[in-house]
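Text of entry_28.txt, listed as compact mmCIF, C-alpha atoms and all ligand atoms:
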```
# COMPACT_ATOMS: atom_id res chain seq x y z
CA MET A 1 9.13 26.07 3.98
CA ALA A 2 12.73 24.96 3.35
CA ALA A 3 11.67 21.39 4.05
CA LEU A 4 8.81 21.77 1.62
CA GLY A 5 11.18 23.10 -1.02
CA ALA A 6 13.37 20.04 -0.60
CA LEU A 7 10.26 17.90 -0.80
CA ARG A 8 9.22 19.54 -4.07
CA SER A 9 12.59 19.02 -5.68
CA CYS A 10 12.55 15.25 -5.24
CA TRP A 11 9.26 14.76 -7.04
CA ALA A 12 8.55 13.59 -10.56
CA PRO A 13 6.77 15.91 -13.04
CA ALA A 14 3.05 16.46 -12.85
CA ARG A 15 0.42 14.15 -14.30
CA LEU A 16 -3.18 13.94 -13.25
CA LEU A 17 -4.92 10.82 -14.50
CA THR A 18 -2.66 7.80 -14.27
CA GLY A 19 -3.12 4.84 -16.60
CA SER A 20 -2.74 1.22 -15.57
CA ALA A 21 -0.60 0.19 -18.54
CA HIS A 22 1.86 2.91 -17.73
CA HIS A 23 1.95 1.85 -14.13
CA SER A 24 2.56 -1.78 -14.89
CA ASN A 25 5.62 -0.77 -16.95
CA ARG A 26 6.85 1.36 -14.13
CA LEU A 27 6.22 -1.42 -11.64
CA VAL A 28 8.58 -3.76 -13.48
CA LEU A 29 11.23 -1.07 -13.50
CA CYS A 30 10.85 -0.37 -9.81
CA GLN A 31 10.79 -4.00 -8.76
CA GLN A 32 14.33 -4.24 -10.07
CA THR A 33 15.50 -1.25 -8.06
CA SER A 34 13.05 -1.37 -5.10
CA ILE A 35 13.58 2.22 -4.05
CA LYS A 36 11.86 3.67 -0.98
CA ARG A 37 11.73 7.41 -0.83
CA HIS A 38 11.50 8.90 2.64
CA PHE A 39 10.81 12.51 3.20
CA SER A 40 9.22 14.62 5.84
CA ASN A 41 8.32 18.14 6.74
CA ASN A 42 7.55 19.50 10.17
CA LYS A 43 4.30 17.67 10.57
CA ILE A 44 4.08 14.87 8.06
CA LEU A 45 6.24 11.83 7.38
CA VAL A 46 5.99 10.06 4.05
CA GLU A 47 7.48 6.83 2.83
CA LEU A 48 6.87 6.11 -0.83
CA ASP A 49 7.63 2.59 -1.96
CA GLU A 50 8.34 2.83 -5.66
CA ALA A 51 8.03 -0.91 -6.15
CA THR A 52 4.39 -0.95 -5.03
CA GLY A 53 3.49 2.67 -5.78
CA VAL A 54 2.15 3.05 -2.23
CA ALA A 55 2.88 6.01 0.02
CA VAL A 56 2.38 5.80 3.77
CA MET A 57 1.65 9.26 5.15
CA LYS A 58 2.01 9.61 8.91
CA MET A 59 0.55 12.62 10.66
CA LYS A 60 2.90 13.96 13.30
CA ASN A 61 1.55 17.00 15.06
CA PRO A 62 1.86 16.36 18.80
CA PRO A 63 0.21 16.10 21.19
CA VAL A 64 -3.02 15.11 19.40
CA ASN A 65 -2.55 15.64 15.63
CA SER A 66 -4.92 18.57 15.69
CA LEU A 67 -5.52 20.12 12.28
CA SER A 68 -3.96 23.55 12.65
CA LEU A 69 -3.57 25.98 9.76
CA ASP A 70 0.11 25.02 9.41
CA PHE A 71 -0.69 21.33 9.52
CA LEU A 72 -3.47 21.64 6.94
CA THR A 73 -1.22 23.63 4.61
CA GLU A 74 1.56 21.06 4.80
CA PHE A 75 -0.93 18.22 4.44
CA SER A 76 -2.43 19.67 1.25
CA ILE A 77 0.96 20.40 -0.30
CA THR A 78 2.18 16.88 0.45
CA LEU A 79 -0.99 15.33 -0.92
CA GLU A 80 -0.76 17.40 -4.08
CA LYS A 81 2.81 16.24 -4.65
CA LEU A 82 1.84 12.60 -4.20
CA GLU A 83 -1.13 13.09 -6.51
CA MET A 84 1.15 14.45 -9.22
CA ASP A 85 3.77 11.74 -8.79
CA ARG A 86 3.38 9.17 -11.55
CA GLY A 87 4.97 6.55 -9.28
CA CYS A 88 2.36 6.91 -6.55
CA ARG A 89 -0.95 5.05 -6.94
CA GLY A 90 -2.05 4.52 -3.37
CA LEU A 91 -1.99 6.38 -0.08
CA ILE A 92 -2.22 4.97 3.44
CA LEU A 93 -3.06 7.70 5.92
CA THR A 94 -2.20 7.08 9.55
CA SER A 95 -0.85 8.66 12.72
CA ALA A 96 2.81 8.65 13.70
CA SER A 97 1.76 8.24 17.34
CA PRO A 98 -0.69 5.47 18.18
CA LYS A 99 -3.71 6.20 20.42
CA ILE A 100 -4.73 9.31 18.50
CA PHE A 101 -5.36 9.34 14.77
CA SER A 102 -6.35 13.02 14.85
CA ALA A 103 -8.23 15.21 17.36
CA GLY A 104 -9.85 17.09 14.47
CA LEU A 105 -9.67 20.78 13.75
CA ASP A 106 -7.42 22.72 16.06
CA ILE A 107 -9.91 24.44 18.34
CA MET A 108 -7.37 27.17 19.12
CA GLU A 109 -7.55 28.21 15.44
CA MET A 110 -11.24 28.92 15.96
CA CYS A 111 -10.93 30.84 19.25
CA GLY A 112 -10.16 34.50 19.83
CA LYS A 113 -8.73 35.17 16.35
CA SER A 114 -9.62 37.70 13.65
CA ALA A 115 -12.29 37.16 11.02
CA GLU A 116 -9.50 37.17 8.44
CA HIS A 117 -7.75 34.33 10.23
CA TYR A 118 -10.95 32.29 10.43
CA GLY A 119 -11.44 32.77 6.68
CA GLU A 120 -7.91 31.61 5.92
CA PHE A 121 -8.25 28.65 8.26
CA TRP A 122 -11.56 27.55 6.77
CA ARG A 123 -10.18 27.76 3.23
CA ALA A 124 -7.37 25.43 4.32
CA VAL A 125 -9.91 22.98 5.79
CA GLN A 126 -11.84 23.05 2.51
CA GLU A 127 -8.64 22.51 0.54
CA MET A 128 -7.67 19.47 2.61
CA TRP A 129 -11.12 17.95 2.05
CA LEU A 130 -11.23 18.70 -1.68
CA LYS A 131 -7.81 17.13 -2.19
CA LEU A 132 -8.36 14.05 -0.06
CA TYR A 133 -11.97 13.33 -1.04
CA GLY A 134 -11.21 14.06 -4.68
CA SER A 135 -7.96 12.09 -4.81
CA ASN A 136 -7.29 9.87 -7.82
CA MET A 137 -5.17 7.59 -5.65
CA VAL A 138 -6.54 4.66 -3.71
CA THR A 139 -6.77 6.05 -0.19
CA ILE A 140 -6.90 3.89 2.93
CA ALA A 141 -7.19 5.21 6.47
CA ALA A 142 -5.22 3.14 8.98
CA ILE A 143 -6.97 4.46 12.08
CA ASN A 144 -4.63 3.67 14.95
CA GLY A 145 -6.38 5.74 17.60
CA SER A 146 -9.25 8.10 18.38
CA SER A 147 -10.59 10.18 15.60
CA PRO A 148 -13.13 12.86 16.50
CA ALA A 149 -14.65 15.49 14.18
CA GLY A 150 -12.13 16.63 11.53
CA GLY A 151 -10.12 13.44 12.19
CA CYS A 152 -13.20 11.39 11.41
CA LEU A 153 -13.77 13.49 8.30
CA MET A 154 -10.27 12.65 7.04
CA ALA A 155 -10.90 8.95 7.57
CA LEU A 156 -14.29 9.19 5.86
CA CYS A 157 -12.64 10.80 2.83
CA CYS A 158 -10.65 7.62 2.23
CA ASP A 159 -11.80 4.72 0.08
CA TYR A 160 -11.45 2.19 2.91
CA ARG A 161 -11.06 2.39 6.69
CA ILE A 162 -9.22 -0.05 8.95
CA MET A 163 -9.40 0.70 12.66
CA ALA A 164 -7.53 -0.69 15.66
CA ASP A 165 -9.82 -3.06 17.54
CA ASN A 166 -9.79 -1.19 20.82
CA PRO A 167 -13.03 0.05 22.41
CA LYS A 168 -11.10 2.93 23.98
CA TYR A 169 -10.69 4.43 20.51
CA ALA A 170 -13.70 6.27 19.18
CA ILE A 171 -14.57 7.95 15.93
CA GLY A 172 -17.37 10.30 14.92
CA LEU A 173 -18.47 13.79 13.99
CA ASN A 174 -19.01 15.20 17.49
CA GLU A 175 -19.32 18.89 16.54
CA THR A 176 -22.67 19.48 18.25
CA GLN A 177 -21.02 18.47 21.55
CA LEU A 178 -18.86 21.57 21.15
CA GLY A 179 -21.89 23.73 20.33
CA ILE A 180 -20.83 23.98 16.68
CA VAL A 181 -22.32 22.60 13.49
CA ALA A 182 -20.67 20.27 10.97
CA PRO A 183 -21.02 21.94 7.56
CA PHE A 184 -22.96 20.34 4.70
CA TRP A 185 -19.86 18.76 3.15
CA PHE A 186 -18.90 17.01 6.42
CA LYS A 187 -22.49 15.76 6.56
CA ASP A 188 -22.45 14.63 2.92
CA THR A 189 -19.16 12.78 3.37
CA MET A 190 -20.55 10.82 6.30
CA SER A 191 -23.90 10.25 4.68
CA ASN A 192 -22.20 8.85 1.56
CA VAL A 193 -20.53 6.25 3.79
CA VAL A 194 -23.21 5.26 6.32
CA GLY A 195 -26.45 6.61 4.86
CA ASN A 196 -28.81 9.39 5.82
CA ARG A 197 -30.50 7.87 8.89
CA VAL A 198 -27.32 6.99 10.78
CA THR A 199 -25.80 10.35 9.83
CA GLU A 200 -28.85 12.31 10.93
CA GLN A 201 -28.87 10.74 14.37
CA ALA A 202 -25.10 10.71 14.83
CA LEU A 203 -24.71 14.35 13.82
CA GLN A 204 -27.50 15.64 16.02
CA LEU A 205 -26.15 13.79 19.03
CA GLY A 206 -22.52 14.52 18.20
CA GLN A 207 -22.00 10.80 18.66
CA MET A 208 -18.56 9.25 19.07
CA PHE A 209 -18.58 5.56 18.15
CA PRO A 210 -16.18 3.22 20.01
CA ALA A 211 -14.41 0.99 17.46
CA PRO A 212 -16.85 -1.99 17.67
CA GLU A 213 -19.84 0.35 17.24
CA ALA A 214 -18.11 2.12 14.36
CA LEU A 215 -17.82 -1.22 12.57
CA LYS A 216 -21.45 -2.08 13.32
CA PHE A 217 -22.68 1.17 11.73
CA GLY A 218 -20.31 0.98 8.75
CA LEU A 219 -18.27 4.00 9.77
CA VAL A 220 -15.19 1.79 9.40
CA ASP A 221 -14.81 -1.25 7.16
CA GLN A 222 -12.64 -3.50 9.27
CA LEU A 223 -11.29 -3.86 12.82
CA VAL A 224 -7.95 -5.55 13.36
CA PRO A 225 -5.61 -5.90 16.35
CA GLU A 226 -3.67 -2.71 16.88
CA GLU A 227 -0.36 -4.18 15.70
CA LYS A 228 -1.95 -5.37 12.44
CA VAL A 229 -3.44 -2.05 11.31
CA GLN A 230 -0.55 -1.13 8.99
CA SER A 231 0.02 -4.58 7.52
CA THR A 232 -3.71 -5.01 6.86
CA ALA A 233 -3.81 -1.61 5.18
CA ALA A 234 -0.92 -2.72 2.96
CA SER A 235 -2.63 -5.94 1.92
CA VAL A 236 -6.00 -4.28 1.29
CA MET A 237 -4.15 -1.67 -0.77
CA ALA A 238 -2.49 -4.42 -2.86
CA GLN A 239 -5.95 -5.81 -3.67
CA TRP A 240 -7.34 -2.41 -4.67
CA LEU A 241 -4.31 -1.78 -6.88
CA THR A 242 -5.05 -4.86 -8.98
CA VAL A 243 -7.89 -2.86 -10.56
CA PRO A 244 -6.81 -0.80 -13.61
CA ASP A 245 -6.30 2.80 -12.44
CA HIS A 246 -8.27 4.57 -15.15
CA ALA A 247 -11.44 2.50 -14.62
CA ARG A 248 -11.27 2.82 -10.83
CA GLN A 249 -10.54 6.55 -10.96
CA ILE A 250 -13.40 7.34 -13.32
CA THR A 251 -15.73 5.29 -11.15
CA LYS A 252 -14.57 7.07 -7.98
CA SER A 253 -15.02 10.42 -9.61
CA MET A 254 -18.51 9.43 -10.80
CA MET A 255 -19.46 8.54 -7.22
CA ARG A 256 -17.97 11.65 -5.58
CA LYS A 257 -18.12 14.49 -8.09
CA GLN A 258 -21.61 15.64 -7.19
CA THR A 259 -20.55 15.99 -3.56
CA THR A 260 -17.30 17.85 -4.30
CA ASP A 261 -19.00 20.11 -6.86
CA LYS A 262 -21.43 21.30 -4.18
CA LEU A 263 -18.53 22.80 -2.26
CA VAL A 264 -16.50 23.89 -5.30
CA ASN A 265 -19.52 25.93 -6.45
CA ASN A 266 -20.14 27.42 -3.01
CA ARG A 267 -16.68 27.88 -1.52
CA GLU A 268 -16.85 31.59 -0.84
CA ALA A 269 -20.36 31.42 0.60
CA ASP A 270 -19.25 28.52 2.82
CA ILE A 271 -16.29 30.54 4.13
CA LYS A 272 -18.51 33.53 4.77
CA ASN A 273 -20.97 31.33 6.58
CA PHE A 274 -18.24 29.79 8.76
CA VAL A 275 -16.75 33.19 9.65
CA SER A 276 -20.10 34.70 10.60
CA PHE A 277 -20.94 31.60 12.68
CA ILE A 278 -17.62 31.23 14.50
CA THR A 279 -17.33 34.93 15.38
CA ARG A 280 -20.61 34.88 17.33
CA ASP A 281 -20.06 35.51 21.02
CA SER A 282 -22.17 32.50 21.99
CA ILE A 283 -20.07 30.17 19.79
CA GLN A 284 -16.80 31.57 21.09
CA LYS A 285 -18.09 31.00 24.60
CA SER A 286 -19.05 27.38 23.81
CA LEU A 287 -15.59 26.65 22.42
CA GLN A 288 -13.88 28.17 25.44
CA VAL A 289 -16.05 26.12 27.80
CA TYR A 290 -15.23 22.98 25.80
CA MET A 291 -11.48 23.66 25.93
CA GLU A 292 -11.75 24.26 29.66
CA ARG A 293 -13.55 20.92 30.07
CA LEU A 294 -10.74 19.19 28.14
CA ARG A 295 -8.16 20.78 30.43
CA GLN A 296 -10.06 19.83 33.58
CA ARG A 297 -10.54 16.26 32.38
CA LYS A 298 -6.78 16.07 31.94
CA GLN A 299 -6.15 17.32 35.47
C1 LIG B 301 -17.64 24.09 12.01
C2 LIG B 301 -16.41 23.47 12.52
C3 LIG B 301 -16.29 22.00 12.40
C4 LIG B 301 -15.36 21.49 13.41
C5 LIG B 301 -14.68 20.39 13.31
C6 LIG B 301 -13.73 19.92 14.33
O1 LIG B 301 -12.90 19.12 14.04
S1 LIG B 301 -13.79 20.60 15.91
C7 LIG B 301 -12.63 19.70 16.89
C8 LIG B 301 -13.32 18.66 17.71
N1 LIG B 301 -12.36 17.83 18.40
C9 LIG B 301 -12.60 17.31 19.60
O2 LIG B 301 -13.65 17.47 20.16
C10 LIG B 301 -11.50 16.49 20.20
C11 LIG B 301 -11.19 16.94 21.59
N2 LIG B 301 -10.11 16.17 22.14
C12 LIG B 301 -10.26 14.97 22.75
O3 LIG B 301 -11.33 14.40 22.81
C13 LIG B 301 -9.03 14.36 23.35
O4 LIG B 301 -8.04 15.38 23.44
C14 LIG B 301 -8.44 13.17 22.55
C15 LIG B 301 -9.37 11.96 22.65
C16 LIG B 301 -8.23 13.51 21.08
C17 LIG B 301 -7.06 12.80 23.15
O5 LIG B 301 -7.18 12.59 24.53
P1 LIG B 301 -5.87 12.60 25.45
O6 LIG B 301 -6.35 12.30 26.82
O7 LIG B 301 -4.84 11.71 24.84
O8 LIG B 301 -5.31 14.08 25.33
P2 LIG B 301 -5.84 15.40 26.10
O9 LIG B 301 -7.35 15.45 26.06
O10 LIG B 301 -5.19 15.48 27.41
O11 LIG B 301 -5.31 16.55 25.12
C18 LIG B 301 -3.93 16.90 25.07
C19 LIG B 301 -3.82 18.37 24.75
O12 LIG B 301 -4.36 18.60 23.45
C20 LIG B 301 -5.36 19.61 23.52
N3 LIG B 301 -6.38 19.30 22.50
C21 LIG B 301 -7.11 18.18 22.35
N4 LIG B 301 -7.89 18.25 21.26
C22 LIG B 301 -7.65 19.46 20.70
C23 LIG B 301 -8.15 20.10 19.55
N5 LIG B 301 -9.06 19.55 18.73
N6 LIG B 301 -7.69 21.34 19.27
C24 LIG B 301 -6.77 21.93 20.03
N7 LIG B 301 -6.27 21.36 21.16
C25 LIG B 301 -6.69 20.14 21.48
C26 LIG B 301 -5.90 19.49 24.93
O13 LIG B 301 -6.56 20.67 25.32
C27 LIG B 301 -4.62 19.27 25.70
O14 LIG B 301 -3.93 20.50 25.81
P3 LIG B 301 -3.05 20.88 27.12
O15 LIG B 301 -4.03 20.82 28.26
O16 LIG B 301 -2.01 19.80 27.19
O17 LIG B 301 -2.55 22.23 26.83
```

Show me the file's structure as structure tokens.
Amino acid sequence: MAALGALRSCWAPARLLTGSAHHSNRLVLCQQTSIKRHFSNNKILVELDEATGVAVMKMKNPPVNSLSLDFLTEFSITLEKLEMDRGCRGLILTSASPKIFSAGLDIMEMCGKSAEHYGEFWRAVQEMWLKLYGSNMVTIAAINGSSPAGGCLMALCCDYRIMADNPKYAIGLNETQLGIVAPFWFKDTMSNVVGNRVTEQALQLGQMFPAPEALKFGLVDQLVPEEKVQSTAASVMAQWLTVPDHARQITKSMMRKQTTDKLVNNREADIKNFVSFITRDSIQKSLQVYMERLRQRKQ
């Protein structure tokens, strides 16, 4: 929390909708000074380039960037701060350690805990999604490794996805493979990107798409050599930022609001639903078996 306090103190005052005219003034100012602000907390590294208004957020939660309650809390706080920063117009989301973008929700948070804990955890998952999917910033996922389940969801929340061209890396909502069900807002996020038919099949099968397949089905927008993922994200970002902020933001909101409203209006019911599902003995058993399989595969 001390790190987060320090993080808070270095941020500019809050503002929600950012206007392009304002930004172009600020850009001129920053180009003269070219300041890069670096800051980090336990699990997230951020570099905000004030000249371009682009923040690179690197997830750093070894070994696999799983989305634990702590991670999700820090992620949402960091995102909120960037959102409120008038100098930040774009976000590139990536992993600090190549090979794994994110292993998705931390399965240990969903195993052998109290109903209260599950409720708190699920609220944090919702919060991450609402903030990332509803962001006013241009968001680009620089997917430098595998990205199952919640990791795929994070990437799908972004406006554009660039993935490392390596067939060993796969992305998808594989929940059914664990014996669990992706909730309606995971489904909607995927469906808004690749359409209903691909989503229906992929979700039922819990399909993980190797990078070339992910491109073929539109799950990612572009494949580039591994070493070019970041630089490509930066140049795509520069193109997106040529569009006036207010027009782009209103358009984004118009496209996504119906989807976010569905969860906003049903948050408590969704938490209740998750808790009653995850506390079932059969579901707990499935998750334990899955974790055991992961361990054995490692051995
Ligand atoms: C309704 C709910 C919706 C649910 C949404 C979700 O996101 S559900 C989530 C669905 N997610 C998945 O199905 C992803 C499952 N994970 C994988 O497929 C692979 O781990 C990998 C491809 C991400 C990395 O392969 P790799 O060969 O580089 O690494 P490795 O395999 O050797 O793992 C290293 C260590 O990390 C551990 N650990 C791994 N993932 C998780 C996790 N999510 N959580 C916690 N722990 C996890 C693993 O057990 C091992 O621990 P150990 O033995 O050292 O104590």

Exercise. With only C-alpha atoms and all ligand atoms counted, collect every polymer residue having an atom within 7 Å of ligand LIG 301 (chain B); state the result as a ChimeraX atom specification.
Key: /A:63-64,66,100,102-108,146-151,174-175,178,180-183,274,291,294-295,298

Quiz item: For Ser40 of chain A, which of A:Leu223, A:Val289, A:Met57, A:Val264 is the closest residue, counting only C-alpha atoms?
Solution: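 Looking at the shortest contact to Ser40 of chain A, the residue is A:Met57.
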
Self-check item: Minimum-distance residue to Ile250 of chain A, chosen among A:Gly134, A:Gly53, A:Gly119, A:Gly112 (using all atoms listed in the file)
Solution: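 With all atoms listed in the file as the atom set, the closest residue is A:Gly134.
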
Quiz item: Do you know which residues lie at most 8 Å from (8.4, 10.3, -0.4), with coordinates as in the file and only C-alpha atoms counted, and could you write them as a list in words?
Solution: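 Counting only C-alpha atoms, I find these residues within 8 Å of (8.4, 10.3, -0.4): Leu7, Lys36, Arg37, His38, Phe39, Ser40, Val46, Glu47, Leu48, Asp49, Ala55 and Leu82 of chain A.
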
Exercise. Quick one: pull the distance between atom CA of Pro167 of chain A and atom CA of Thr199 of chain A, Å, one decimal.
Key: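 Rounded to one decimal, the two atoms are 20.7 Å apart.
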
Quiz item: Hey, which of A:Phe209, A:Tyr290, A:Phe217, A:Phe184 ends up closest to Gln126 of chain A? Count all atoms listed in the file.
Solution: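 Nearest to Gln126 of chain A: A:Phe184.
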
Quiz item: Between A:Pro62, A:Thr260, A:Ser286, A:Arg280, which one has atoms that come closest to Lys113 of chain A, using all atoms listed in the file?
Solution: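 Of all the options, A:Arg280 lies closest to Lys113 of chain A.
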
Quiz item: Taking into account only C-alpha atoms, which residue in the set A:Glu109, A:Asp270, A:Asp159, A:Glu292 is nearest to Ala233 of chain A?
Solution: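 Ranking A:Glu109, A:Asp270, A:Asp159, A:Glu292 by distance to Ala233 of chain A, first place goes to A:Asp159.
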
Self-check item: Shell around Leu219 of chain A at 12 Å using all atoms listed in the file, local window under 3 positions removed, as a PyMOL selection string
Solution: chain A and resi 141+143+147+152-153+155-163+170-173+189-195+198-199+202+207-216+222-223

Self-check item: Interatomic distance, atom CA of Gly90 of chain A to atom CA of Asn265 of chain A (Å, one decimal)
Solution: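 Separating atom CA of Gly90 of chain A from atom CA of Asn265 of chain A is a distance of 27.8 Å.
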
Self-check item: Counting only C-alpha atoms, the residue of A:Lys58, A:Arg267, A:Lys272, A:Lys81 that sits nearest Pro98 of chain A
Solution: A:Lys58

Quiz prompt | atom CA of Ser68 of chain A to atom CA of Glu120 of chain A, distance in Å rounded to a single decimal | solution =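 Taking atom CA of Ser68 of chain A and atom CA of Glu120 of chain A, their separation equals 11.2 Å.
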